[in-house]
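Novice: After the structure tokens below, expect a handful of questions from me.
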Amino acid sequence: MDSPPRPKLDAVPPGDPRDRGGKIQPMLIVNGLRKHFPIRGGLLNRKIGSVRAVDDVSFVVLKGETLGIVGESGCGKSTLARLLMHLIPRDAGELIFDGDGVGEQRGISLRELRRNMQMVFQDSYSSLNPRLPVEDSIAYGPKVHGKSRKEAKEIARDLLTKVGLRPELFGSRYPHELSGGQKQRVNVARALALSPRMLILDEAVSALDKSIEAQVLNLLRHLKRHFNLTYVFISHDLNVVQYISDRVLVMYLGQVVEIGPVAEIYERAKHPYTRALLASRLSMDPDERIDDPPLTGDPPNPINPPSGCRFRTRCPFAEDVCAAKTPLLGEWVERTTHLAACHMEDARSGHSRAVRASAPGARTHMVAAE
Amino acid sequence: MTDLTLGSNILTVDDGAPALKVRGYWATVAHRLRYDYVTLFFALVIVLIVLAAICAPLLAPFDPLKTSMVYRLKPIGFRNFLLGTDELGRDMLSRLIYGGRMSLLMGLVPVVTATVLGGMLGVIAGFLGGRVNMLIMRTVDIFYAFPSVLLAVAISGTMGGGMANGLIALTLVFIPPLCRVAETATTQVRNLDFVEAARASGAPTASIVLHHVLGNVLAPVFIYASSLISVAILLAAGLSFLGLGVEPPTPDWGLMLSTLRQAIYVQPYVCALPGLAIFITSLSFNLVSDGLRQAMDVRI
């Protein structure tokens, strides 16, 4: 059997002409992003409460990095992704894309943002139009942005090759004629059709078989180098996030609880929630069986989150101060900054286990399930 | 460490399959219909009825309006009158052929108009949601609350008889159900990720509706509309029967049934002919619509 021609995926030379803010300017700055979904009911459909899906989230995505976002189901990861894509309006907060405020007077327009930032959806079943051949699904975006029918088709076929699907074989197929992995490759191709600089991958590989997942992950790494992309990789799978990310952001109940370089997070997690999450991973070694779940119960209701630290209801180290004061994440400085929103990380918080020394780099080594 | 580096050399998917013969949606539907002989047979019946209606002047042996005092209520096969004559001595065959024109007109025009109008309303309501949806759908619900026969009679009764008013009445009767079907289908599609993806690519709403919503809404609306044709024919016949539709002496199956009913003890078979025509036509449309529904129900 002759092997099909391998697509060429060489890294583009550094110095992207689309770069506006320079190397050091982060690709995306998210500042105080908030989304509360109103709950209506009762007489006259009044607002009787709100789900705090994303509550005051701030972070930075650096150019060329992969920022992994992890958290339990319902912690607001997907809402965050949709907010970044402006698929739902935000209640508060600002987004700065490569130095330009999104939707601001002298900033970048929504249309332009969307050309630069695209999203890969989770559900490969509903993310492709069942009535369109996949080629046309990919070509739709470029067509909307003024490319001719022929040019758009060309782009689509080229991208199909680059995601590893032979266009003459797959281009005219309908989504139901593709496997889950193939569909997800098409989804990636569609997201790349506008040649964006940043991709938001919302659980992009979560629904796939493990072997297919690995293939798609590797494909994503190749594509990132080839197209000089920046990824925001959202997943609940800690292993996948560890594999693909440069930095990791941990979310809990709509808030950022910890952010830092991937090695730091996975080896020296500061926040008890992160440690519990990591401890809940299954070990390959039968001697290291987990008998007691490191985290019990469900996350509290985001309609009425606990006062102070939102994790205190499940935290083994919770004290009075945790209910009284909300722990702050602190100031993010640079690539290697490792922050956790926990009173134990703040020497002046009054928590009995708070880091004593003011010396930087002092770490607390505690096991979550003691 | 996790073993995720596995397959790092895998870049191109090649499932080893030869170039698949890919059929589009409509090709699949056509392929399925090809082996559905019942549907094909009744589709042929419809084609014949339509052809007969179009070529009525060529086919009809007599003038459908020419009365004769001598040959009143003659039985089937009497001399040159293949299907007998009616109470005014007019040739039944000619009148049945000409009557098909009216029945088809009353069956197809309201359904097509209502499909366009109701479908549009439904897609707008479904896609925009919120207050617009509320306004459109509640208005439609008011009409929907009445039984269709009653509504048709009420509307054409208020506006007076005549063909134009009958058409308007039937159209108004069919808009609510079609609107509802379109709205349901649109609401389902609207929340799917591919519509979100289209929005994320910066496409304007009109383009999203045109390229991503309509294609998925068309099939259920079309299937439902086809099942309404026979209902429309029956309703139109009913209106004529009550004297609210077509006015005499225009040949119309419903009207013929109405005027011939006094002669039911004199010439029962002749009197039953318009009813038979209505029955065959509406049955054909029903069965073809059923076949279409099965063929178009491609689970994608």
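Residue names in the structure tokens use chain letters A, B, ... in the order shown, residue numbers from 1 in each chain, and ligand numbers from 1 in the order shown.
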Which polymer residues have any atom within 10 Å of an atom of region 175-181 of chain A, counting only C-alpha atoms, with same-chain residues fewer than 5 positions away left out, as a ChimeraX atom specification?
Specialist: /A:123-134,137,170,186-187,205,207-209,211-213,215-216 /B:13,20,22,299-300
Novice: Could you list, as a ChimeraX atom specification, every residue of chain A that has an atom within 8 Å of an atom of chain B, counting only C-alpha atoms?
Specialist: /A:4,6-7,85-87,110-111,114-115,118-119,121,123,126-131,140-141,144-145,161,163-166,168-169,172-176,182,194,211,214-215,218-219,239-240,243
Novice: Check the DSSP output for the backbone and give back, as a VMD selection string, the residues of region 214-366 of chain A in alpha helix (DSSP H).
Specialist: chain A and resid 214 to 227 238 to 244 262 to 267 272 to 279 320 to 324
Novice: Name all residues at most 12 Å from Val266 (chain B) (count only C-alpha atoms; drop same-chain ones fewer than 5 positions away) and give them as an NGL selection string.
Specialist: :B and (72-75 or 85-87 or 260-261 or 271-272)
Novice: Could you state the separation of CA of Ala219 (chain B) and CA of Gly291 (chain B) in Å, given to one decimal place?
Specialist: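 Going from CA of Ala219 (chain B) over to CA of Gly291 (chain B) covers 13.2 Å.
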Novice: What is the distance, in Å and to one decimal place, between CA of Ser283 (chain A) and CA of Gly71 (chain A)?
Specialist: 19.1 Å
Novice: In region 79-237 of chain A, what's strand (DSSP E) per DSSP? Answer as a list in words?
Specialist: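 Here are the strand (DSSP E) residues of region 79-237 of chain A: Ala92, Gly93, Glu94, Leu95, Ile96, Phe97, Asp100, Gly101, Met117, Gln118, Met119, Val120, Met198, Leu199, Ile200, Leu201, Asp202, Thr230, Tyr231, Val232, Phe233 and Ile234 of chain A.
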Novice: Can you work out the spacing between CA of Ala81 (chain A) and CA of Val120 (chain A) in Å, to one decimal?
Specialist: 10.0 Å
Novice: Pick out the residues sitting within 10 Å of Glu154 (chain A), and hand them over as a list in words; count only C-alpha atoms, and ignore anything fewer than 6 positions along from it in its own chain.
Specialist: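 Within the cut-off, the hits are Glu135, Ala139, Ser148 and Leu160 of chain A.
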Novice: Since we have the selection now, will you write its residues out, keeping N, CA and C atoms, as a PDB file, in the first residue's frame?
Specialist:
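Contents of the output file result_1.pdb:
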```pdb
ATOM      1  N   GLU A 135     -16.626  20.466   2.895  1.00  0.00           N
ATOM      2  CA  GLU A 135     -15.872  21.468   2.148  1.00  0.00           C
ATOM      3  C   GLU A 135     -16.584  22.827   2.188  1.00  0.00           C
ATOM      4  N   ALA A 139     -15.586  26.464   3.728  1.00  0.00           N
ATOM      5  CA  ALA A 139     -15.478  27.605   2.813  1.00  0.00           C
ATOM      6  C   ALA A 139     -16.425  28.741   3.175  1.00  0.00           C
ATOM      7  N   SER A 148     -14.073  34.984  -3.130  1.00  0.00           N
ATOM      8  CA  SER A 148     -14.954  34.440  -4.156  1.00  0.00           C
ATOM      9  C   SER A 148     -15.180  32.959  -3.889  1.00  0.00           C
ATOM     10  N   LEU A 160      -8.154  21.208   4.347  1.00  0.00           N
ATOM     11  CA  LEU A 160      -8.456  19.786   4.544  1.00  0.00           C
ATOM     12  C   LEU A 160      -7.169  18.969   4.465  1.00  0.00           C
TER      13      LEU A 160
END
```
Novice: Residues within 8 Å of Pro300 (chain A), please, as number ranges by chain. Count only C-alpha atoms; anything in the same chain fewer than 6 positions from it doesn't count.
Specialist: A: 253, 306, 313
Novice: So that I can see what lies close to Glu345 (chain A), please list as a list in words the residues with an atom at most 8 Å from it, counting only C-alpha atoms and leaving out residues fewer than 4 positions away in the same chain.
Specialist: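 Result of the neighbour search: Lys270, Ala340, Ala341, Ala354 and Val355 of chain A.
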Novice: Using only C-alpha atoms, which residues sit within 9 Å of Met256 (chain B) once same-chain residues fewer than 2 positions away are excluded, as a VMD selection string?
Specialist: chain B and resid 86 95 to 96 99 240 to 241 248 251 to 254 258 to 261 271 274 to 275
Novice: Check the smallest atom-to-atom distance from each of A:Leu217, A:Val188, A:Ile259, A:Val54 to Cys75 (chain A) using only C-alpha atoms, then report the winner.
Specialist: A:Val54
